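Engineer: Before we start, here is the structure in question, set down as structure tokens.
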Amino acid sequence: MGDDVQQFQEQRTTGARAVIADRAVRSVFQPIVELDSGRVVAYEALARGPQGPLEAPDALFAAARAEGCLTELDQACRAAALRGAVARGLLAPSTVFVNVEPEVLDDTPVAGLFDPEVPVPGDLRVVLEITERALAARPAELLRTVARVREFGWAIALDDVGAESLSLAFMPLLRPDVVKLDLRLVQGRPGPAIAEIMNAVNAYAESTGALVLAEGIETGPHLAMARGLGATLGQGWLFGRPGPGAAPGARPGALRLPAVPPPDPQGRLLSPFECLPAHVPVREAPKALLIELSKQLERQAMRLGETCVVATTFQEARHVTPATRLRYRDLVERVGFVAALGEDLPAEPLPGLRGADLAPGDPVRGEWDVVVLSPHFSAALLARDLGDDGSDLARRFAFSLTYERDTVVRAARALLSRVAPSTTRRGPAADGQAVADVPAGVASLLTGRSAGDPGEALLHRALAAVGTGVTIVDLRLPDQLLVYVNPAFERLAGQPAAELLGRNCRFLQHPDTDPAAVGRIRAAIEVGDECREVLLNRRSDGSTWWNECTLTPVTDGTGAVVQYIGIQADVTEQVETERALRTERDRVRRYAARIAELDARVGVPLSLATPGEGPQTSTDSPGARRA
Ligand code: FNR
């Protein structure tokens with residue numbers, strides 16, 4: 001017998017396939033507790049293999065992955081969970097949380113979530129736990145699956161929230177009934193990342209009534225932290241380890257899930273424009289205005305960063321111009337998830353940009369939509385082509401610009417429900433078109449080669465030697481792209497010239513960059529003025545620096561502003577010293593005020609009071625009067 005055949009037969013009798021065939025997967029149940037009442041309101045079903053090397057779920061799932069039977073094992077685990085829950089009497093008012101492996105939802109259309117062989121009695125309440133990963137990989141499929149799960153009467157929990165920023169971005173789209181916080185939130189030390197997650201989760205829970213469940217509660221301090229984070233449900237060893245059935249001595253209770261809005265009554269996939277409620281006014285505008293409104297929303301999305309989802313439509317692929325490609329390349333790099341749809345658009349129009357060709361007859365073909373959704377911001381430009389002939393920029397659209405969160409969420413769902421499954425798992429990459437059409441003269445600076453003029457070579461050497469960042473932006477190119485950066489700027493930005501050239505500098509900005517300062521720069525460039533602003537910028541490794549950015553216009557022979565020269569200096573130390581000084585000054589002022597208050601109470605003459613502010617003599621102080 002050949003080695004392969006022998007190995008195959010061994011696997012059939014000892015591996016994950018054998019475990020599945022023998023129905024040897026069983027479930028254990030860990031209690032989920034309502035923190036205020038201490039009642040056990042639900043159990044999470046956790047899979048175990050038969051006694052032996054495949055008993056632990058990690059080993060069992062690793063074996064299934066290796067043997068190519070992950071989907072079958074996943075289904076067997078769910079079936080075991082449901083069978084076990086029924087056999088152990090974990091029925092209403094209790095609820096059972098069951099899992100689905102992210103890779104199963106990632107890689108296959110979900111047909112086998114519900115096993116027809118496992119009857120689900122009406123008094124078995126089920127919550128299906130999913131992760132955001134599946135939505136990123138196959139948004140259309142997962143949104144359909146979630147709808148089917150709800151039709152089935154099951155609820156949805158979003159698992160591991162906080163482990164990835166994308167889970168925050170996708171929360172409103174999946175609309176989970178329960179948000180399960182990653183255990184690092186409860187067990188870790190509070191920091192900015194935890195604050196960001198909690199802001200997003202609390203905003204979501206407040207607006208939808210979703211329940212927040214903290215996992216990994218093992219000690220009293222973990223419990224206190226869970227409550228502080230806003231959790232009303234908890235799970236972890238402090239309440240009980242996984243067991244074969246109901247936790248001994250537990251006081252049972254009912255999980256009070258939020259009401260979920262009904263699905264769209266039309267029963268078909270709406271277009272974003274069709275999601276507009278009747279009371280939202282619809283106006284008319286030419287394409288020229290829509291271009292600017294769209295760019296404004298894109299800029300807003302850039303500032304929202306990784307917790308933001310952007311979904312747009314382009315009518316036809318030809319509307320994705322080189323300038324648009326450049327803007328979208330930046331968006332893909334900065335924003336959590338970006339999708340662009342249009343007639344003839346491929347599944348991945350740019351590296352990392354998710355797309356889809358729109359079917360003939362799909363009403364979205366006649367729409368121009370830009371949807372921006374993040375935990376604290378939602379906006380959508382939803383427009384429909386009025387079919388004008390003539391000049392392209394004058395073509396009119398019926399449009400609405402809405403910030404109503406429900407409408408924006410529905411519009412985002414409408415677009416994501418059309419996005420093709422991911423074909424690759426790549427990060428953003430450089431786009432070769434970036435520096436096409438760079439005007440002569442600037443091109444010599446850009447390439448670093450002299451155009452034959454000794455003066456230009458000298459200038460180039462000088463710029464390469466200075467320690468301050470120098471950049472040149474050409475206004476004749478779309479979206480004010482960088483055409484030159486000196487080595488000092490490469491160091492400041494933390495990226496080589498090849499990754500900087502052909503981009504607008506705004507990609508360096510951080511979600512915390514002051515929008516007012518950015519607005520002042522935009523206004524100055526619009527009228528060709530010089531300006532200086534100190535901006536918070538971010539390097540590709542995520543570290544931040546304060547950039548004192550001085551922008552000077554360069555005119556051509558006719559007086560028209562054709563370029564801007566930027567001088568960028570790292571003033572981080574100065575900004576931080578000033579901040580520390582300010583904090584120190586505030587602290588001293590607070591102490592002085594406190595001392596003055598205490599002095600006033602005990603009647604001791606003031607040494608620190610400002611003349612005129614405090615009591616002037618010991619006789620007119622309250623203490624003196626009391627004496
Ligand atoms: C800029 N801008 C810029 N922004 C930034 O955050 N860091 C930087 O180093 C620079 N450098 C820079 C150099 C030059 C020559 C110009 C013309 C501009 C500003 C940025 O590109 C953009 O103009 C502002 O973000 C305002 O425009 P938006 O984003 O509102 O379109």
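Starting from 1 in every chain, residues are counted up; chains themselves are A, B, ... following the order of the structure tokens, and ligands are numbered from 1 as listed.
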Using only C-alpha atoms and all ligand atoms, which protein or nucleic acid residues are at most 8 Å from ligand 1, as a ChimeraX atom specification?
Structural biologist: /A:295-296,299,471-474,479-482,493,504-509,513,518-523,525,535-537,547,549-552,563-568
Engineer: Mind dumping the selected residues with C-alpha atoms as a PDB file, in the first residue's frame?
Structural biologist:
ATOM      1  CA  LYS A 295     -14.846  64.896  -3.360  1.00  0.00           C
ATOM      2  CA  GLN A 296     -15.918  66.601  -0.155  1.00  0.00           C
ATOM      3  CA  ARG A 299     -12.114  63.972   2.076  1.00  0.00           C
ATOM      4  CA  THR A 471       7.752  69.425  -1.821  1.00  0.00           C
ATOM      5  CA  ILE A 472       6.356  70.698  -5.099  1.00  0.00           C
ATOM      6  CA  VAL A 473       2.753  70.253  -6.095  1.00  0.00           C
ATOM      7  CA  ASP A 474       1.580  70.915  -9.627  1.00  0.00           C
ATOM      8  CA  ASP A 479      -6.092  66.944  -7.324  1.00  0.00           C
ATOM      9  CA  GLN A 480      -2.847  68.848  -6.615  1.00  0.00           C
ATOM     10  CA  LEU A 481      -0.379  65.983  -6.820  1.00  0.00           C
ATOM     11  CA  LEU A 482       3.163  65.901  -5.533  1.00  0.00           C
ATOM     12  CA  ALA A 493       6.807  61.111   5.833  1.00  0.00           C
ATOM     13  CA  ASN A 504      -2.091  64.572  -2.711  1.00  0.00           C
ATOM     14  CA  CYS A 505      -0.406  65.241   0.637  1.00  0.00           C
ATOM     15  CA  ARG A 506      -3.697  64.903   2.482  1.00  0.00           C
ATOM     16  CA  PHE A 507      -3.037  61.180   2.804  1.00  0.00           C
ATOM     17  CA  LEU A 508      -0.494  62.122   5.489  1.00  0.00           C
ATOM     18  CA  GLN A 509      -3.247  63.483   7.708  1.00  0.00           C
ATOM     19  CA  THR A 513      -5.676  66.453  12.304  1.00  0.00           C
ATOM     20  CA  VAL A 518      -6.849  71.849   6.714  1.00  0.00           C
ATOM     21  CA  GLY A 519      -9.776  74.055   5.669  1.00  0.00           C
ATOM     22  CA  ARG A 520      -7.569  77.155   5.876  1.00  0.00           C
ATOM     23  CA  ILE A 521      -4.985  75.490   3.597  1.00  0.00           C
ATOM     24  CA  ARG A 522      -7.691  74.514   1.118  1.00  0.00           C
ATOM     25  CA  ALA A 523      -9.069  78.062   1.109  1.00  0.00           C
ATOM     26  CA  ILE A 525      -4.765  77.282  -2.309  1.00  0.00           C
ATOM     27  CA  LEU A 535      -0.778  69.949  11.188  1.00  0.00           C
ATOM     28  CA  LEU A 536      -0.733  66.542  12.811  1.00  0.00           C
ATOM     29  CA  ASN A 537       0.623  64.081  10.209  1.00  0.00           C
ATOM     30  CA  ASN A 547       4.266  69.324  10.573  1.00  0.00           C
ATOM     31  CA  CYS A 549       3.754  73.360   6.666  1.00  0.00           C
ATOM     32  CA  THR A 550       4.456  76.586   4.730  1.00  0.00           C
ATOM     33  CA  LEU A 551       2.949  76.702   1.268  1.00  0.00           C
ATOM     34  CA  THR A 552       4.074  79.286  -1.276  1.00  0.00           C
ATOM     35  CA  GLN A 563       2.620  75.193  -8.654  1.00  0.00           C
ATOM     36  CA  TYR A 564       2.979  75.340  -4.915  1.00  0.00           C
ATOM     37  CA  ILE A 565       6.215  74.828  -3.022  1.00  0.00           C
ATOM     38  CA  GLY A 566       5.813  73.325   0.405  1.00  0.00           C
ATOM     39  CA  ILE A 567       8.354  73.635   3.216  1.00  0.00           C
ATOM     40  CA  GLN A 568       7.650  71.055   5.883  1.00  0.00           C
TER      41      GLN A 568
END
Engineer: According to DSSP computed on the backbone, where in stretch 100-343 of chain A is there strand (DSSP E or B)? Give the residues as a VMD selection string.
Structural biologist: chain A and resid 125 to 130 155 to 161 178 to 181 211 to 214 233 to 235 243 252 283 to 286 309 to 316 337 to 343
Engineer: Any chance you can output those residues with C-alpha atoms as a CSV table (one decimal), in the first residue's frame?
Structural biologist:
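Full text of out_11.csv as output:
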chain,number,residue,atom,x,y,z
A,125,ARG,CA,-33.6,30.4,21.0
A,126,VAL,CA,-30.5,30.8,19.0
A,127,VAL,CA,-28.0,33.7,18.5
A,128,LEU,CA,-25.5,33.1,15.6
A,129,GLU,CA,-22.0,34.6,16.3
A,130,ILE,CA,-20.2,36.0,13.2
A,155,ALA,CA,-30.5,36.7,16.3
A,156,ILE,CA,-27.0,37.9,15.4
A,157,ALA,CA,-24.0,38.5,17.6
A,158,LEU,CA,-20.8,40.3,16.2
A,159,ASP,CA,-17.9,38.5,17.8
A,160,ASP,CA,-14.4,39.7,18.7
A,161,VAL,CA,-15.4,43.4,18.4
A,178,VAL,CA,-25.4,41.5,20.6
A,179,VAL,CA,-21.9,43.0,20.4
A,180,LYS,CA,-19.3,40.7,21.9
A,181,LEU,CA,-16.2,42.7,23.1
A,211,LEU,CA,-26.6,44.4,24.0
A,212,VAL,CA,-22.9,44.6,24.9
A,213,LEU,CA,-21.3,41.4,26.1
A,214,ALA,CA,-17.9,41.3,27.6
A,233,LEU,CA,-23.8,40.9,29.8
A,234,GLY,CA,-20.7,38.9,30.8
A,235,GLN,CA,-19.0,35.6,30.1
A,243,GLY,CA,-19.9,22.5,31.3
A,252,PRO,CA,-32.1,31.4,34.8
A,283,ARG,CA,-33.1,68.7,-5.7
A,284,GLU,CA,-31.5,69.0,-9.1
A,285,ALA,CA,-27.9,69.8,-9.9
A,286,PRO,CA,-25.4,69.5,-12.8
A,309,VAL,CA,-16.8,52.3,5.0
A,310,VAL,CA,-17.1,54.1,1.7
A,311,ALA,CA,-19.3,52.8,-1.1
A,312,THR,CA,-19.8,54.6,-4.4
A,313,THR,CA,-21.2,54.2,-7.9
A,314,PHE,CA,-19.7,55.4,-11.2
A,315,GLN,CA,-22.5,54.7,-13.7
A,316,GLU,CA,-19.9,53.4,-16.2
A,337,PHE,CA,-13.4,49.3,3.4
A,338,VAL,CA,-14.0,51.0,0.0
A,339,ALA,CA,-16.2,49.7,-2.8
A,340,ALA,CA,-17.0,51.2,-6.2
A,341,LEU,CA,-19.7,49.8,-8.6
A,342,GLY,CA,-20.5,50.6,-12.2
A,343,GLU,CA,-21.2,49.1,-15.5
Engineer: Could you name the residues that touch stretch 196-198 of chain A at 9 Å or less, counting only C-alpha atoms, but leaving out those on the same chain fewer than 2 positions away, as a ChimeraX atom specification?
Structural biologist: /A:161-162,165,168,185,191-194,200-203,229-230
Engineer: Would you give me, as JSON, numbers by chain, the residues in stretch 553-598 of chain A that DSSP reads as helix (DSSP H, G or I)?
Structural biologist: {"A": [572, 573, 574, 575, 576, 577, 578, 579, 580, 581, 582, 583, 584, 585, 586, 587, 588, 589, 590, 591, 592, 593, 594, 595, 596, 597, 598]}
Engineer: Have a look at atom CA of A:Arg48 and atom CA of A:Arg26 and let me know their distance in Å, one decimal.
Structural biologist: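 Going from atom CA of A:Arg48 over to atom CA of A:Arg26 covers 5.4 Å.
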Engineer: Measure the distance from atom CA of A:Arg133 to atom CA of A:Pro262 in Å and round it to one decimal.
Structural biologist: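 Atom CA of A:Arg133 sits 25.0 Å away from atom CA of A:Pro262.
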Engineer: Using only C-alpha atoms, determine which residues lie at most 9 Å from stretch 77-87 of chain A, disregarding the query and same-chain residues fewer than 5 positions distant; provide the list as JSON, numbers by chain.
Structural biologist: {"A": [20, 23, 24, 25, 26, 27, 28, 29, 44, 45, 46, 47, 48, 72, 96, 97, 98, 99, 100, 113, 114, 115, 117, 118, 119, 120, 121, 124, 126, 244, 245]}
Engineer: The selected residues should be written to file as a PDB file, in the first residue's frame (atoms: C-alpha atoms).
Structural biologist:
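Below you can see selection_18.pdb, which holds the result:
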ATOM      1  CA  ILE A  20     -17.420  14.028  11.724  1.00  0.00           C
ATOM      2  CA  ARG A  23     -20.773  12.174  14.987  1.00  0.00           C
ATOM      3  CA  ALA A  24     -18.213  12.382  17.749  1.00  0.00           C
ATOM      4  CA  VAL A  25     -18.302  16.179  18.072  1.00  0.00           C
ATOM      5  CA  ARG A  26     -20.006  17.274  21.275  1.00  0.00           C
ATOM      6  CA  SER A  27     -20.747  20.647  22.794  1.00  0.00           C
ATOM      7  CA  VAL A  28     -20.066  22.136  26.174  1.00  0.00           C
ATOM      8  CA  PHE A  29     -21.942  25.217  27.344  1.00  0.00           C
ATOM      9  CA  GLU A  44     -22.382  29.750  24.423  1.00  0.00           C
ATOM     10  CA  ALA A  45     -21.953  26.330  22.826  1.00  0.00           C
ATOM     11  CA  LEU A  46     -18.265  25.413  22.458  1.00  0.00           C
ATOM     12  CA  ALA A  47     -17.173  22.409  20.400  1.00  0.00           C
ATOM     13  CA  ARG A  48     -15.098  19.503  21.698  1.00  0.00           C
ATOM     14  CA  GLU A  72     -18.289  19.864   7.271  1.00  0.00           C
ATOM     15  CA  VAL A  96     -27.911  29.412  22.996  1.00  0.00           C
ATOM     16  CA  PHE A  97     -25.077  31.195  21.181  1.00  0.00           C
ATOM     17  CA  VAL A  98     -23.635  29.115  18.324  1.00  0.00           C
ATOM     18  CA  ASN A  99     -20.604  29.917  16.186  1.00  0.00           C
ATOM     19  CA  VAL A 100     -19.771  29.809  12.538  1.00  0.00           C
ATOM     20  CA  LEU A 113     -25.818  26.997   8.008  1.00  0.00           C
ATOM     21  CA  PHE A 114     -29.052  25.253   8.810  1.00  0.00           C
ATOM     22  CA  ASP A 115     -28.820  21.488   8.886  1.00  0.00           C
ATOM     23  CA  GLU A 117     -31.364  16.894   9.763  1.00  0.00           C
ATOM     24  CA  VAL A 118     -31.343  18.796  13.036  1.00  0.00           C
ATOM     25  CA  PRO A 119     -34.873  19.831  13.956  1.00  0.00           C
ATOM     26  CA  VAL A 120     -34.894  23.126  15.823  1.00  0.00           C
ATOM     27  CA  PRO A 121     -37.810  23.198  18.271  1.00  0.00           C
ATOM     28  CA  LEU A 124     -34.865  26.837  21.295  1.00  0.00           C
ATOM     29  CA  VAL A 126     -30.479  30.838  18.994  1.00  0.00           C
ATOM     30  CA  PRO A 244     -22.054  19.681  29.855  1.00  0.00           C
ATOM     31  CA  GLY A 245     -25.342  21.523  30.429  1.00  0.00           C
TER      32      GLY A 245
END
Engineer: Once you count only C-alpha atoms, what closest atom pair and distance in Å to one decimal does each residue of stretch 240-311 of chain A within 12 Å of stretch 401-425 of chain A have, with rows by chain and rising residue number, as a tab-separated table?
Structural biologist:
residue	atom	partner	partner_atom	distance
A:Pro261	CA	A:Asp406	CA	10.4
A:Pro263	CA	A:Arg410	CA	10.1
A:Asp264	CA	A:Arg410	CA	9.2
A:Arg268	CA	A:Ala414	CA	10.3
A:Leu269	CA	A:Ala414	CA	6.7
A:Leu270	CA	A:Ala414	CA	6.1
A:Ser271	CA	A:Ala414	CA	5.9
A:Pro272	CA	A:Ala411	CA	4.3
A:Phe273	CA	A:Ala411	CA	7.5
A:Glu274	CA	A:Ala411	CA	8.4
A:Cys275	CA	A:Ala411	CA	6.0
A:Leu276	CA	A:Thr407	CA	6.3
A:Pro277	CA	A:Thr407	CA	7.4
A:Ala278	CA	A:Thr407	CA	11.1
A:His279	CA	A:Thr402	CA	11.0
A:Val280	CA	A:Thr402	CA	7.6
A:Pro281	CA	A:Leu401	CA	8.7
A:Val282	CA	A:Leu401	CA	8.3
A:Arg283	CA	A:Leu401	CA	9.0
A:Glu284	CA	A:Leu401	CA	11.1
A:Ala285	CA	A:Leu401	CA	11.3
A:Leu289	CA	A:Leu401	CA	11.9
A:Leu290	CA	A:Leu401	CA	10.1
A:Leu293	CA	A:Leu401	CA	8.8
A:Ser294	CA	A:Leu401	CA	10.1
A:Gln296	CA	A:Leu401	CA	11.8
A:Leu297	CA	A:Leu401	CA	10.3
A:Cys308	CA	A:Ala412	CA	11.5
A:Val309	CA	A:Ala412	CA	8.3
A:Val310	CA	A:Ala412	CA	8.0
A:Ala311	CA	A:Ala412	CA	6.4
Engineer: For A:Leu105, please output as a list in words all residues within 9 Å (counting only C-alpha atoms; exclusion window: fewer than 6 positions along the same chain).
Structural biologist: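 What passes the distance filter is Ile130, Arg133, Ala134, Leu135, Ala137, Arg138, Glu141 and Leu142 of chain A.
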